[in-house]
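This is input04.pdb (PDB, C-alpha atoms).
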```pdb
ATOM      1  CA  MET U  25      96.783  79.378 104.349  1.00  0.00           C
ATOM      2  CA  SER U  26      96.092  80.240 107.987  1.00  0.00           C
ATOM      3  CA  ALA U  27      98.382  79.243 110.824  1.00  0.00           C
ATOM      4  CA  ALA U  28      96.675  77.585 113.799  1.00  0.00           C
ATOM      5  CA  GLY U  29      99.376  78.878 116.132  1.00  0.00           C
ATOM      6  CA  GLY U  30      99.848  82.262 114.490  1.00  0.00           C
ATOM      7  CA  ARG U  31      99.823  85.655 116.153  1.00  0.00           C
ATOM      8  CA  LEU U  32      96.123  86.114 115.319  1.00  0.00           C
ATOM      9  CA  ALA U  33      94.976  82.542 115.953  1.00  0.00           C
ATOM     10  CA  GLY U  34      91.289  82.429 116.823  1.00  0.00           C
ATOM     11  CA  LYS U  35      90.646  86.057 115.901  1.00  0.00           C
ATOM     12  CA  VAL U  36      88.153  87.365 113.341  1.00  0.00           C
ATOM     13  CA  ALA U  37      88.987  90.536 111.430  1.00  0.00           C
ATOM     14  CA  ILE U  38      87.298  92.912 109.019  1.00  0.00           C
ATOM     15  CA  ILE U  39      89.627  94.849 106.705  1.00  0.00           C
ATOM     16  CA  THR U  40      88.135  97.585 104.558  1.00  0.00           C
ATOM     17  CA  GLY U  41      89.657  98.480 101.213  1.00  0.00           C
ATOM     18  CA  ALA U  42      91.108  94.965 101.140  1.00  0.00           C
ATOM     19  CA  ALA U  43      90.860  94.338  97.395  1.00  0.00           C
ATOM     20  CA  ARG U  44      94.318  95.726  96.629  1.00  0.00           C
ATOM     21  CA  GLY U  45      97.308  97.614  97.972  1.00  0.00           C
ATOM     22  CA  MET U  46      97.892  97.786 101.706  1.00  0.00           C
ATOM     23  CA  GLY U  47      94.507  96.280 102.538  1.00  0.00           C
ATOM     24  CA  ALA U  48      95.106  93.173 100.446  1.00  0.00           C
ATOM     25  CA  GLN U  49      98.544  92.715 101.989  1.00  0.00           C
ATOM     26  CA  GLU U  50      97.081  93.100 105.470  1.00  0.00           C
ATOM     27  CA  ALA U  51      94.509  90.420 104.648  1.00  0.00           C
ATOM     28  CA  ARG U  52      97.217  88.045 103.427  1.00  0.00           C
ATOM     29  CA  LEU U  53      99.318  88.551 106.530  1.00  0.00           C
ATOM     30  CA  PHE U  54      96.352  88.251 108.886  1.00  0.00           C
ATOM     31  CA  ALA U  55      95.290  84.976 107.272  1.00  0.00           C
ATOM     32  CA  ALA U  56      98.846  83.653 107.413  1.00  0.00           C
ATOM     33  CA  GLU U  57      98.866  84.427 111.145  1.00  0.00           C
ATOM     34  CA  GLY U  58      95.694  82.473 111.862  1.00  0.00           C
ATOM     35  CA  ALA U  59      92.888  85.019 111.529  1.00  0.00           C
ATOM     36  CA  ARG U  60      89.614  84.546 109.737  1.00  0.00           C
ATOM     37  CA  VAL U  61      89.184  87.609 107.559  1.00  0.00           C
ATOM     38  CA  VAL U  62      86.372  89.479 105.841  1.00  0.00           C
ATOM     39  CA  LEU U  63      87.681  91.549 102.932  1.00  0.00           C
ATOM     40  CA  ALA U  64      85.277  94.472 102.633  1.00  0.00           C
ATOM     41  CA  ASP U  65      85.502  96.569  99.474  1.00  0.00           C
ATOM     42  CA  VAL U  66      83.482  98.145  96.686  1.00  0.00           C
ATOM     43  CA  ARG U  67      85.700  96.331  94.154  1.00  0.00           C
ATOM     44  CA  ASP U  68      83.891  93.007  94.304  1.00  0.00           C
ATOM     45  CA  ASP U  69      85.901  91.089  91.700  1.00  0.00           C
ATOM     46  CA  LEU U  70      89.293  92.038  93.109  1.00  0.00           C
ATOM     47  CA  ALA U  71      88.241  91.332  96.688  1.00  0.00           C
ATOM     48  CA  ALA U  72      86.859  87.945  95.651  1.00  0.00           C
ATOM     49  CA  GLU U  73      90.165  87.086  93.970  1.00  0.00           C
ATOM     50  CA  VAL U  74      92.142  87.827  97.123  1.00  0.00           C
ATOM     51  CA  ALA U  75      89.657  85.928  99.293  1.00  0.00           C
ATOM     52  CA  LYS U  76      89.878  82.908  96.994  1.00  0.00           C
ATOM     53  CA  GLU U  77      93.665  83.049  97.247  1.00  0.00           C
ATOM     54  CA  LEU U  78      93.430  82.960 101.054  1.00  0.00           C
ATOM     55  CA  GLY U  79      91.113  79.962 101.228  1.00  0.00           C
ATOM     56  CA  ASP U  80      88.286  78.884 103.513  1.00  0.00           C
ATOM     57  CA  ASP U  81      89.083  81.352 106.293  1.00  0.00           C
ATOM     58  CA  ALA U  82      88.510  84.409 104.099  1.00  0.00           C
ATOM     59  CA  ARG U  83      85.374  85.999 102.699  1.00  0.00           C
ATOM     60  CA  ALA U  84      84.779  88.937 100.384  1.00  0.00           C
ATOM     61  CA  ARG U  85      81.840  91.283 100.999  1.00  0.00           C
ATOM     62  CA  HIS U  86      80.704  94.320  99.029  1.00  0.00           C
ATOM     63  CA  HIS U  87      81.016  97.304 101.314  1.00  0.00           C
ATOM     64  CA  ASP U  88      80.696 101.081 100.956  1.00  0.00           C
ATOM     65  CA  VAL U  89      82.320 102.489 104.085  1.00  0.00           C
ATOM     66  CA  ALA U  90      80.521 105.836 103.747  1.00  0.00           C
ATOM     67  CA  GLN U  91      77.101 104.206 104.271  1.00  0.00           C
ATOM     68  CA  ALA U  92      75.841 103.181 107.720  1.00  0.00           C
ATOM     69  CA  ALA U  93      73.576 100.518 106.176  1.00  0.00           C
ATOM     70  CA  SER U  94      76.586  98.910 104.522  1.00  0.00           C
ATOM     71  CA  TRP U  95      78.363  98.765 107.881  1.00  0.00           C
ATOM     72  CA  ALA U  96      75.329  97.052 109.422  1.00  0.00           C
ATOM     73  CA  ASP U  97      75.427  94.540 106.581  1.00  0.00           C
ATOM     74  CA  VAL U  98      79.134  93.710 106.830  1.00  0.00           C
ATOM     75  CA  MET U  99      78.910  93.322 110.617  1.00  0.00           C
ATOM     76  CA  ALA U 100      75.908  91.004 110.344  1.00  0.00           C
ATOM     77  CA  TYR U 101      77.649  89.019 107.603  1.00  0.00           C
ATOM     78  CA  THR U 102      80.841  88.650 109.647  1.00  0.00           C
ATOM     79  CA  LEU U 103      78.942  87.425 112.693  1.00  0.00           C
ATOM     80  CA  ALA U 104      76.909  84.986 110.587  1.00  0.00           C
ATOM     81  CA  GLU U 105      80.026  83.575 108.903  1.00  0.00           C
ATOM     82  CA  PHE U 106      82.517  83.570 111.779  1.00  0.00           C
ATOM     83  CA  GLY U 107      80.530  84.206 114.978  1.00  0.00           C
ATOM     84  CA  ARG U 108      82.524  87.090 116.439  1.00  0.00           C
ATOM     85  CA  LEU U 109      84.624  90.191 115.735  1.00  0.00           C
ATOM     86  CA  ASP U 110      88.035  90.879 117.270  1.00  0.00           C
ATOM     87  CA  VAL U 111      89.804  93.223 114.859  1.00  0.00           C
ATOM     88  CA  LEU U 112      88.692  96.042 112.564  1.00  0.00           C
ATOM     89  CA  VAL U 113      91.130  97.703 110.171  1.00  0.00           C
ATOM     90  CA  ASN U 114      89.704 100.921 108.742  1.00  0.00           C
ATOM     91  CA  ASN U 115      91.946 100.941 105.694  1.00  0.00           C
ATOM     92  CA  ALA U 116      89.669 102.130 102.857  1.00  0.00           C
ATOM     93  CA  ALA U 117      90.551 105.597 101.583  1.00  0.00           C
ATOM     94  CA  VAL U 118      90.533 107.863  98.559  1.00  0.00           C
ATOM     95  CA  HIS U 119      93.059 110.527  97.639  1.00  0.00           C
ATOM     96  CA  HIS U 120      93.558 113.343  95.186  1.00  0.00           C
ATOM     97  CA  LEU U 121      95.627 116.496  95.059  1.00  0.00           C
ATOM     98  CA  GLY U 122      94.159 119.968  95.135  1.00  0.00           C
ATOM     99  CA  THR U 123      95.027 123.294  96.705  1.00  0.00           C
ATOM    100  CA  ILE U 124      92.528 125.026  98.963  1.00  0.00           C
ATOM    101  CA  GLU U 125      91.809 127.437  96.096  1.00  0.00           C
ATOM    102  CA  THR U 126      91.213 124.753  93.462  1.00  0.00           C
ATOM    103  CA  GLU U 127      89.543 122.024  95.547  1.00  0.00           C
ATOM    104  CA  THR U 128      85.890 121.474  94.582  1.00  0.00           C
ATOM    105  CA  ASP U 129      82.969 120.999  96.943  1.00  0.00           C
ATOM    106  CA  ASP U 130      82.322 117.521  95.574  1.00  0.00           C
ATOM    107  CA  GLY U 131      85.980 116.535  95.779  1.00  0.00           C
ATOM    108  CA  PHE U 132      86.235 117.650  99.391  1.00  0.00           C
ATOM    109  CA  ASP U 133      83.000 115.918 100.354  1.00  0.00           C
ATOM    110  CA  LYS U 134      84.040 112.622  98.747  1.00  0.00           C
ATOM    111  CA  ILE U 135      87.325 112.468 100.637  1.00  0.00           C
ATOM    112  CA  ILE U 136      85.666 113.314 103.944  1.00  0.00           C
ATOM    113  CA  ALA U 137      82.871 110.791 103.340  1.00  0.00           C
ATOM    114  CA  VAL U 138      85.184 107.861 102.683  1.00  0.00           C
ATOM    115  CA  ASN U 139      88.213 108.637 104.811  1.00  0.00           C
ATOM    116  CA  LEU U 140      86.665 110.222 107.901  1.00  0.00           C
ATOM    117  CA  ARG U 141      82.958 109.422 107.956  1.00  0.00           C
ATOM    118  CA  GLY U 142      83.751 105.834 106.902  1.00  0.00           C
ATOM    119  CA  THR U 143      86.180 105.445 109.790  1.00  0.00           C
ATOM    120  CA  PHE U 144      83.690 106.900 112.260  1.00  0.00           C
ATOM    121  CA  LEU U 145      80.924 104.597 111.066  1.00  0.00           C
ATOM    122  CA  GLY U 146      83.243 101.600 111.289  1.00  0.00           C
ATOM    123  CA  ILE U 147      84.310 102.334 114.848  1.00  0.00           C
ATOM    124  CA  ARG U 148      80.718 102.830 115.930  1.00  0.00           C
ATOM    125  CA  ALA U 149      79.525  99.646 114.225  1.00  0.00           C
ATOM    126  CA  ALA U 150      82.306  97.566 115.792  1.00  0.00           C
ATOM    127  CA  ILE U 151      81.599  98.498 119.407  1.00  0.00           C
ATOM    128  CA  GLU U 152      78.801  96.051 120.187  1.00  0.00           C
ATOM    129  CA  PRO U 153      80.282  93.019 118.355  1.00  0.00           C
ATOM    130  CA  MET U 154      83.659  93.592 120.017  1.00  0.00           C
ATOM    131  CA  ARG U 155      82.103  94.109 123.424  1.00  0.00           C
ATOM    132  CA  ALA U 156      80.300  90.807 122.952  1.00  0.00           C
ATOM    133  CA  SER U 157      83.634  89.157 122.114  1.00  0.00           C
ATOM    134  CA  GLY U 158      85.227  90.495 125.292  1.00  0.00           C
ATOM    135  CA  GLY U 159      87.141  93.305 123.598  1.00  0.00           C
ATOM    136  CA  GLY U 160      89.098  93.913 120.450  1.00  0.00           C
ATOM    137  CA  SER U 161      91.464  96.085 118.470  1.00  0.00           C
ATOM    138  CA  ILE U 162      90.558  98.810 115.987  1.00  0.00           C
ATOM    139  CA  ILE U 163      93.319 100.069 113.712  1.00  0.00           C
ATOM    140  CA  ASN U 164      92.642 103.227 111.727  1.00  0.00           C
ATOM    141  CA  ILE U 165      94.900 103.900 108.759  1.00  0.00           C
ATOM    142  CA  SER U 166      95.652 107.601 108.845  1.00  0.00           C
ATOM    143  CA  SER U 167      98.722 109.070 107.121  1.00  0.00           C
ATOM    144  CA  THR U 168     101.720 111.265 107.771  1.00  0.00           C
ATOM    145  CA  ALA U 169      99.333 113.804 106.210  1.00  0.00           C
ATOM    146  CA  GLY U 170      97.316 113.347 109.398  1.00  0.00           C
ATOM    147  CA  LEU U 171     100.267 114.652 111.422  1.00  0.00           C
ATOM    148  CA  GLN U 172     101.886 117.354 109.281  1.00  0.00           C
ATOM    149  CA  PRO U 173     100.920 119.569 106.335  1.00  0.00           C
ATOM    150  CA  TYR U 174     101.623 118.816 102.682  1.00  0.00           C
ATOM    151  CA  TRP U 175     101.060 121.124  99.722  1.00  0.00           C
ATOM    152  CA  ALA U 176      97.797 120.490  97.817  1.00  0.00           C
ATOM    153  CA  HIS U 177      96.514 118.035 100.439  1.00  0.00           C
ATOM    154  CA  GLY U 178      93.835 120.195 102.071  1.00  0.00           C
ATOM    155  CA  ALA U 179      90.901 117.784 101.815  1.00  0.00           C
ATOM    156  CA  TYR U 180      93.045 114.703 102.408  1.00  0.00           C
ATOM    157  CA  ALA U 181      94.776 116.284 105.403  1.00  0.00           C
ATOM    158  CA  ALA U 182      91.437 117.334 106.857  1.00  0.00           C
ATOM    159  CA  SER U 183      90.232 113.746 106.636  1.00  0.00           C
ATOM    160  CA  LYS U 184      93.418 112.202 108.025  1.00  0.00           C
ATOM    161  CA  PHE U 185      93.908 114.707 110.844  1.00  0.00           C
ATOM    162  CA  GLY U 186      90.282 113.904 111.647  1.00  0.00           C
ATOM    163  CA  VAL U 187      91.082 110.190 111.758  1.00  0.00           C
ATOM    164  CA  THR U 188      93.991 110.906 114.104  1.00  0.00           C
ATOM    165  CA  GLY U 189      91.772 112.818 116.534  1.00  0.00           C
ATOM    166  CA  LEU U 190      88.886 110.364 116.223  1.00  0.00           C
ATOM    167  CA  THR U 191      91.262 107.529 117.082  1.00  0.00           C
ATOM    168  CA  GLN U 192      92.325 109.160 120.319  1.00  0.00           C
ATOM    169  CA  VAL U 193      88.789 109.962 121.449  1.00  0.00           C
ATOM    170  CA  SER U 194      87.714 106.421 120.590  1.00  0.00           C
ATOM    171  CA  ALA U 195      90.631 104.941 122.561  1.00  0.00           C
ATOM    172  CA  LEU U 196      89.579 107.020 125.569  1.00  0.00           C
ATOM    173  CA  GLU U 197      85.905 106.067 125.351  1.00  0.00           C
ATOM    174  CA  LEU U 198      86.239 102.409 124.397  1.00  0.00           C
ATOM    175  CA  GLY U 199      89.110 101.379 126.644  1.00  0.00           C
ATOM    176  CA  PRO U 200      86.740 100.463 129.514  1.00  0.00           C
ATOM    177  CA  HIS U 201      85.099  97.953 127.133  1.00  0.00           C
ATOM    178  CA  GLY U 202      88.417  96.233 126.405  1.00  0.00           C
ATOM    179  CA  ILE U 203      88.634  97.803 122.950  1.00  0.00           C
ATOM    180  CA  ARG U 204      91.965  99.295 121.940  1.00  0.00           C
ATOM    181  CA  VAL U 205      92.075 101.912 119.175  1.00  0.00           C
ATOM    182  CA  ASN U 206      95.267 103.011 117.421  1.00  0.00           C
ATOM    183  CA  SER U 207      96.228 104.804 114.219  1.00  0.00           C
ATOM    184  CA  VAL U 208      98.907 103.908 111.681  1.00  0.00           C
ATOM    185  CA  HIS U 209     100.485 106.701 109.656  1.00  0.00           C
ATOM    186  CA  PRO U 210     102.086 105.513 106.397  1.00  0.00           C
ATOM    187  CA  GLY U 211     104.410 107.765 104.485  1.00  0.00           C
ATOM    188  CA  PRO U 212     105.019 107.169 100.760  1.00  0.00           C
ATOM    189  CA  ILE U 213     104.029 103.554 100.067  1.00  0.00           C
ATOM    190  CA  ALA U 214     104.216 101.826  96.679  1.00  0.00           C
ATOM    191  CA  THR U 215     100.502 101.521  95.923  1.00  0.00           C
ATOM    192  CA  ASP U 216      98.151 102.948  93.296  1.00  0.00           C
ATOM    193  CA  MET U 217      97.525 105.897  95.633  1.00  0.00           C
ATOM    194  CA  LEU U 218     101.124 107.130  95.472  1.00  0.00           C
ATOM    195  CA  PRO U 219     101.022 110.273  93.289  1.00  0.00           C
ATOM    196  CA  THR U 220     104.723 110.036  92.334  1.00  0.00           C
ATOM    197  CA  PRO U 221     106.320 106.928  90.745  1.00  0.00           C
ATOM    198  CA  GLU U 222     108.427 105.102  93.338  1.00  0.00           C
ATOM    199  CA  ASN U 223     111.473 105.139  91.018  1.00  0.00           C
ATOM    200  CA  SER U 224     111.318 108.899  90.449  1.00  0.00           C
ATOM    201  CA  GLY U 225     114.203 109.623  92.809  1.00  0.00           C
ATOM    202  CA  ARG U 226     111.951 111.830  94.933  1.00  0.00           C
ATOM    203  CA  PHE U 227     112.246 109.439  97.868  1.00  0.00           C
ATOM    204  CA  ASP U 228     116.031 109.055  97.823  1.00  0.00           C
ATOM    205  CA  SER U 229     116.342 111.838 100.385  1.00  0.00           C
ATOM    206  CA  LEU U 230     114.184 110.104 102.989  1.00  0.00           C
ATOM    207  CA  PRO U 231     116.215 108.943 105.988  1.00  0.00           C
ATOM    208  CA  VAL U 232     115.601 105.319 104.927  1.00  0.00           C
ATOM    209  CA  GLY U 233     116.295 106.283 101.308  1.00  0.00           C
ATOM    210  CA  ARG U 234     113.390 104.632  99.530  1.00  0.00           C
ATOM    211  CA  VAL U 235     109.630 104.321  99.210  1.00  0.00           C
ATOM    212  CA  GLY U 236     107.882 101.878 101.545  1.00  0.00           C
ATOM    213  CA  GLN U 237     106.181  98.625 100.588  1.00  0.00           C
ATOM    214  CA  PRO U 238     102.642  97.490 101.537  1.00  0.00           C
ATOM    215  CA  ASN U 239     103.950  94.554 103.578  1.00  0.00           C
ATOM    216  CA  GLU U 240     105.849  96.984 105.825  1.00  0.00           C
ATOM    217  CA  VAL U 241     102.591  98.708 106.736  1.00  0.00           C
ATOM    218  CA  ALA U 242     100.872  95.337 107.136  1.00  0.00           C
ATOM    219  CA  GLU U 243     103.450  94.243 109.703  1.00  0.00           C
ATOM    220  CA  ALA U 244     102.729  97.341 111.803  1.00  0.00           C
ATOM    221  CA  VAL U 245      98.993  96.708 111.554  1.00  0.00           C
ATOM    222  CA  LEU U 246      99.520  93.075 112.557  1.00  0.00           C
ATOM    223  CA  PHE U 247     101.356  94.178 115.706  1.00  0.00           C
ATOM    224  CA  LEU U 248      98.456  96.425 116.730  1.00  0.00           C
ATOM    225  CA  ALA U 249      95.918  93.700 115.951  1.00  0.00           C
ATOM    226  CA  SER U 250      97.756  91.084 117.988  1.00  0.00           C
ATOM    227  CA  ASP U 251      98.004  90.538 121.729  1.00  0.00           C
ATOM    228  CA  ALA U 252     101.632  91.689 121.526  1.00  0.00           C
ATOM    229  CA  SER U 253     100.225  95.241 121.689  1.00  0.00           C
ATOM    230  CA  SER U 254      97.790  94.532 124.540  1.00  0.00           C
ATOM    231  CA  TYR U 255      98.877  97.648 126.482  1.00  0.00           C
ATOM    232  CA  VAL U 256      98.974  99.955 123.453  1.00  0.00           C
ATOM    233  CA  SER U 257      95.992 102.224 122.803  1.00  0.00           C
ATOM    234  CA  GLY U 258      95.577 105.729 121.434  1.00  0.00           C
ATOM    235  CA  THR U 259      99.007 105.687 119.834  1.00  0.00           C
ATOM    236  CA  GLN U 260     100.140 107.057 116.470  1.00  0.00           C
ATOM    237  CA  LEU U 261     102.462 104.582 114.767  1.00  0.00           C
ATOM    238  CA  LYS U 262     104.390 106.126 111.885  1.00  0.00           C
ATOM    239  CA  VAL U 263     105.522 103.839 109.057  1.00  0.00           C
ATOM    240  CA  ASP U 264     107.200 106.489 106.958  1.00  0.00           C
ATOM    241  CA  GLY U 265     110.892 105.711 106.533  1.00  0.00           C
ATOM    242  CA  GLY U 266     111.656 108.653 108.814  1.00  0.00           C
ATOM    243  CA  GLU U 267     109.923 111.141 106.515  1.00  0.00           C
ATOM    244  CA  ALA U 268     108.516 113.146 109.401  1.00  0.00           C
ATOM    245  CA  LEU U 269     112.061 113.795 110.639  1.00  0.00           C
ATOM    246  CA  GLY U 270     113.040 115.682 107.498  1.00  0.00           C
ATOM    247  CA  ARG U 271     115.005 115.044 104.324  1.00  0.00           C
ATOM    248  CA  ILE U 272     118.667 114.130 103.947  1.00  0.00           C
ATOM    249  CA  PRO U 273     120.653 116.684 101.866  1.00  0.00           C
ATOM    250  CA  GLN U 274     121.605 115.227  98.509  1.00  0.00           C
ATOM    251  CA  ALA U 275     124.969 115.848  96.879  1.00  0.00           C
TER     252      ALA U 275
END
```

Here is the file; what I need is its structure written in the form of structure tokens.
Amino acid sequence: MSAAGGRLAGKVAIITGAARGMGAQEARLFAAEGARVVLADVRDDLAAEVAKELGDDARARHHDVAQAASWADVMAYTLAEFGRLDVLVNNAAVHHLGTIETETDDGFDKIIAVNLRGTFLGIRAAIEPMRASGGGSIINISSTAGLQPYWAHGAYAASKFGVTGLTQVSALELGPHGIRVNSVHPGPIATDMLPTPENSGRFDSLPVGRVGQPNEVAEAVLFLASDASSYVSGTQLKVDGGEALGRIPQA
């Protein structure tokens, strides 16, 4: 399935949360553009299905992003299978709604552990393998909820604002090692994580007038993973249909 002359030819990538949704679409696009890909996810069966679909240049690996030992394992596995690391996409995330008053301790801790701690651990684990490869690109999937407030998103916003800040500090610190770090900020995307059905009419008032699709996020991630973005680091790339600009009045 891979393309020898694709935009990621010769590169090796790890994508977390790659068993479904945006992560799976990113894996498909990366493979189509010539990358060898490790699909890292706790959903072993689903990840294995996607890896099988992509062929010999894809592998599935069980991975809990909130655990440092799991990061050590997936890095060692990637180097053993493919010999290097060029791209890391910190895509894995969890989401639920809850006001500050109703959010539970356990619910808050789970979101922070996966979304923020998992991203931190991934960045840290990727430094040495990328330095050994001569540099690389880390793409952290944040959210528009990492740029602006939403009702009942306290824990999620805390995690995603954290990812936004962590991305910028990482870009500053890792730039001298040839490692670029950027964040992508999806708006409403048609995945299992979307709390409102995409055909509800709620998204008609977005400037683009519809919900986004996983492949539209994947294309943005591909740009940041590729050499086309070689002078881009520390940026916040919104893929939100203009949501952050405001809503269009409806008749």

Original post:
What separation in Å, quoted to one decimal, exists between CA of Gln237 in chain U and CA of Gly142 in chain U?
Top reply: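 Computing the Euclidean distance for CA of Gln237 in chain U and CA of Gly142 in chain U yields 24.4 Å.
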
Can you check which parts of range 118-217 of chain U lie within 7 Å of range 75-99 of chain U? Per residue, the shortest pair of atoms and distance in Å to one decimal, counting all atoms listed in the file, sorted by chain and number, as JSON lines.
```
{"residue": "U:Ala137", "atom": "CA", "partner": "U:Ala90", "partner_atom": "CA", "distance": 5.5}
{"residue": "U:Val138", "atom": "CA", "partner": "U:Ala90", "partner_atom": "CA", "distance": 5.2}
{"residue": "U:Arg141", "atom": "CA", "partner": "U:Ala90", "partner_atom": "CA", "distance": 6.0}
{"residue": "U:Gly142", "atom": "CA", "partner": "U:Ala90", "partner_atom": "CA", "distance": 4.5}
{"residue": "U:Leu145", "atom": "CA", "partner": "U:Ala92", "partner_atom": "CA", "distance": 6.2}
{"residue": "U:Gly146", "atom": "CA", "partner": "U:Trp95", "partner_atom": "CA", "distance": 6.6}
{"residue": "U:Ala149", "atom": "CA", "partner": "U:Trp95", "partner_atom": "CA", "distance": 6.5}
```

Sorted by chain and rising residue number, list the residues of range 31-149 of chain U at most 9 Å from range 238-259 of chain U (counting only C-alpha atoms), each with its closest atom pair and distance in Å to one decimal, as JSON lines.
```
{"residue": "U:Arg31", "atom": "CA", "partner": "U:Ser250", "partner_atom": "CA", "distance": 6.1}
{"residue": "U:Leu32", "atom": "CA", "partner": "U:Ser250", "partner_atom": "CA", "distance": 5.9}
{"residue": "U:Lys35", "atom": "CA", "partner": "U:Ser250", "partner_atom": "CA", "distance": 9.0}
{"residue": "U:Ala37", "atom": "CA", "partner": "U:Ala249", "partner_atom": "CA", "distance": 8.9}
{"residue": "U:Gly45", "atom": "CA", "partner": "U:Pro238", "partner_atom": "CA", "distance": 6.4}
{"residue": "U:Met46", "atom": "CA", "partner": "U:Pro238", "partner_atom": "CA", "distance": 4.8}
{"residue": "U:Gly47", "atom": "CA", "partner": "U:Ala242", "partner_atom": "CA", "distance": 7.9}
{"residue": "U:Ala48", "atom": "CA", "partner": "U:Pro238", "partner_atom": "CA", "distance": 8.8}
{"residue": "U:Gln49", "atom": "CA", "partner": "U:Asn239", "partner_atom": "CA", "distance": 5.9}
{"residue": "U:Glu50", "atom": "CA", "partner": "U:Ala242", "partner_atom": "CA", "distance": 4.7}
{"residue": "U:Ala51", "atom": "CA", "partner": "U:Ala242", "partner_atom": "CA", "distance": 8.4}
{"residue": "U:Arg52", "atom": "CA", "partner": "U:Ala242", "partner_atom": "CA", "distance": 9.0}
{"residue": "U:Leu53", "atom": "CA", "partner": "U:Ala242", "partner_atom": "CA", "distance": 7.0}
{"residue": "U:Phe54", "atom": "CA", "partner": "U:Leu246", "partner_atom": "CA", "distance": 6.8}
{"residue": "U:Glu57", "atom": "CA", "partner": "U:Leu246", "partner_atom": "CA", "distance": 8.8}
{"residue": "U:Asp110", "atom": "CA", "partner": "U:Ala249", "partner_atom": "CA", "distance": 8.5}
{"residue": "U:Val111", "atom": "CA", "partner": "U:Ala249", "partner_atom": "CA", "distance": 6.2}
{"residue": "U:Leu112", "atom": "CA", "partner": "U:Ala249", "partner_atom": "CA", "distance": 8.3}
{"residue": "U:Val113", "atom": "CA", "partner": "U:Val245", "partner_atom": "CA", "distance": 8.0}
```

**OP:** Find the residues near Arg108 in chain U: any atom within 8 Å, counting only C-alpha atoms, skip ones fewer than 5 places away on the same chain, and give them as a PyMOL selection string.
**Re:** chain U and resi 36+102-103+153-154+156-157

Original post:
What's the 9 Å shell around Gly131 in chain U, counting all atoms listed in the file, without same-chain residues fewer than 6 positions away, as number ranges by chain?
Top reply: U: 120, 122, 179

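In terms of minimum interatomic distance to Thr215 in chain U, U:Arg44 ranks closest within U:Arg44, U:Thr123, U:Asp264, U:Glu197, counting only C-alpha atoms.
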
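Of the listed residues U:Leu140, U:Ser229, U:Gly236, U:Asn114, the one whose atoms come nearest to Ile272 in chain U is U:Ser229, with distances taken using all atoms listed in the file.
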
Please write as a PDB file with C-alpha atoms, in the frame of the given file the full residue list that the PyMOL selection byres ((chain U and resi 169) around 8) yields on this file.
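Output contents, as saved in expr.pdb:
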```pdb
ATOM      1  CA  SER U 166      95.652 107.601 108.845  1.00  0.00           C
ATOM      2  CA  SER U 167      98.722 109.070 107.121  1.00  0.00           C
ATOM      3  CA  THR U 168     101.720 111.265 107.771  1.00  0.00           C
ATOM      4  CA  GLY U 170      97.316 113.347 109.398  1.00  0.00           C
ATOM      5  CA  LEU U 171     100.267 114.652 111.422  1.00  0.00           C
ATOM      6  CA  GLN U 172     101.886 117.354 109.281  1.00  0.00           C
ATOM      7  CA  PRO U 173     100.920 119.569 106.335  1.00  0.00           C
ATOM      8  CA  TYR U 174     101.623 118.816 102.682  1.00  0.00           C
ATOM      9  CA  HIS U 177      96.514 118.035 100.439  1.00  0.00           C
ATOM     10  CA  TYR U 180      93.045 114.703 102.408  1.00  0.00           C
ATOM     11  CA  ALA U 181      94.776 116.284 105.403  1.00  0.00           C
ATOM     12  CA  LYS U 184      93.418 112.202 108.025  1.00  0.00           C
ATOM     13  CA  PHE U 185      93.908 114.707 110.844  1.00  0.00           C
ATOM     14  CA  HIS U 209     100.485 106.701 109.656  1.00  0.00           C
TER      15      HIS U 209
END
```

Original post:
CA of Gly211 in chain U to CA of Asp65 in chain U: how many Å, to one decimal?
Top reply: 22.5 Å

Subject >> Among listed residues U:Ala116, U:Ala150, U:Ala104, U:Leu261, nearest Leu63 in chain U (using all atoms listed in the file) >> reply: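 Closest to Leu63 in chain U of all the choices is U:Ala116.
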
**OP:** List the residues matched by the PyMOL selection byres ((chain U and resi 232) around 10) in the displayed structure as a VMD selection string, ordered by chain and then by residue number.
**Re:** chain U and resid 227 to 231 233 to 236 264 to 267 271 to 272

Subject >> Option closest in space to Ala176 in chain U, from U:Leu190, U:Val74, U:Leu121, U:Ala100 [counting all atoms listed in the file] >> reply: U:Leu121

Original post:
What is the distance, in Å and to one decimal place, between CA of Gly186 in chain U and CA of Val61 in chain U?
Top reply: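 Atom-to-atom, CA of Gly186 in chain U to CA of Val61 in chain U, that is 26.6 Å.
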
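Distances from U:Ile162, U:Val66, U:Ala42, U:Ile203 to Asn115 in chain U were compared using all atoms listed in the file, and the smallest one belongs to U:Ala42.
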
Original post:
Looking at all atoms listed in the file, which of U:Ala117, U:Gly34, U:Asn164, U:Arg148 is the one that sits closest to Asp216 in chain U?
Top reply: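 Checking each of U:Ala117, U:Gly34, U:Asn164, U:Arg148 against Asp216 in chain U, counting all atoms listed in the file, the winner is U:Ala117.
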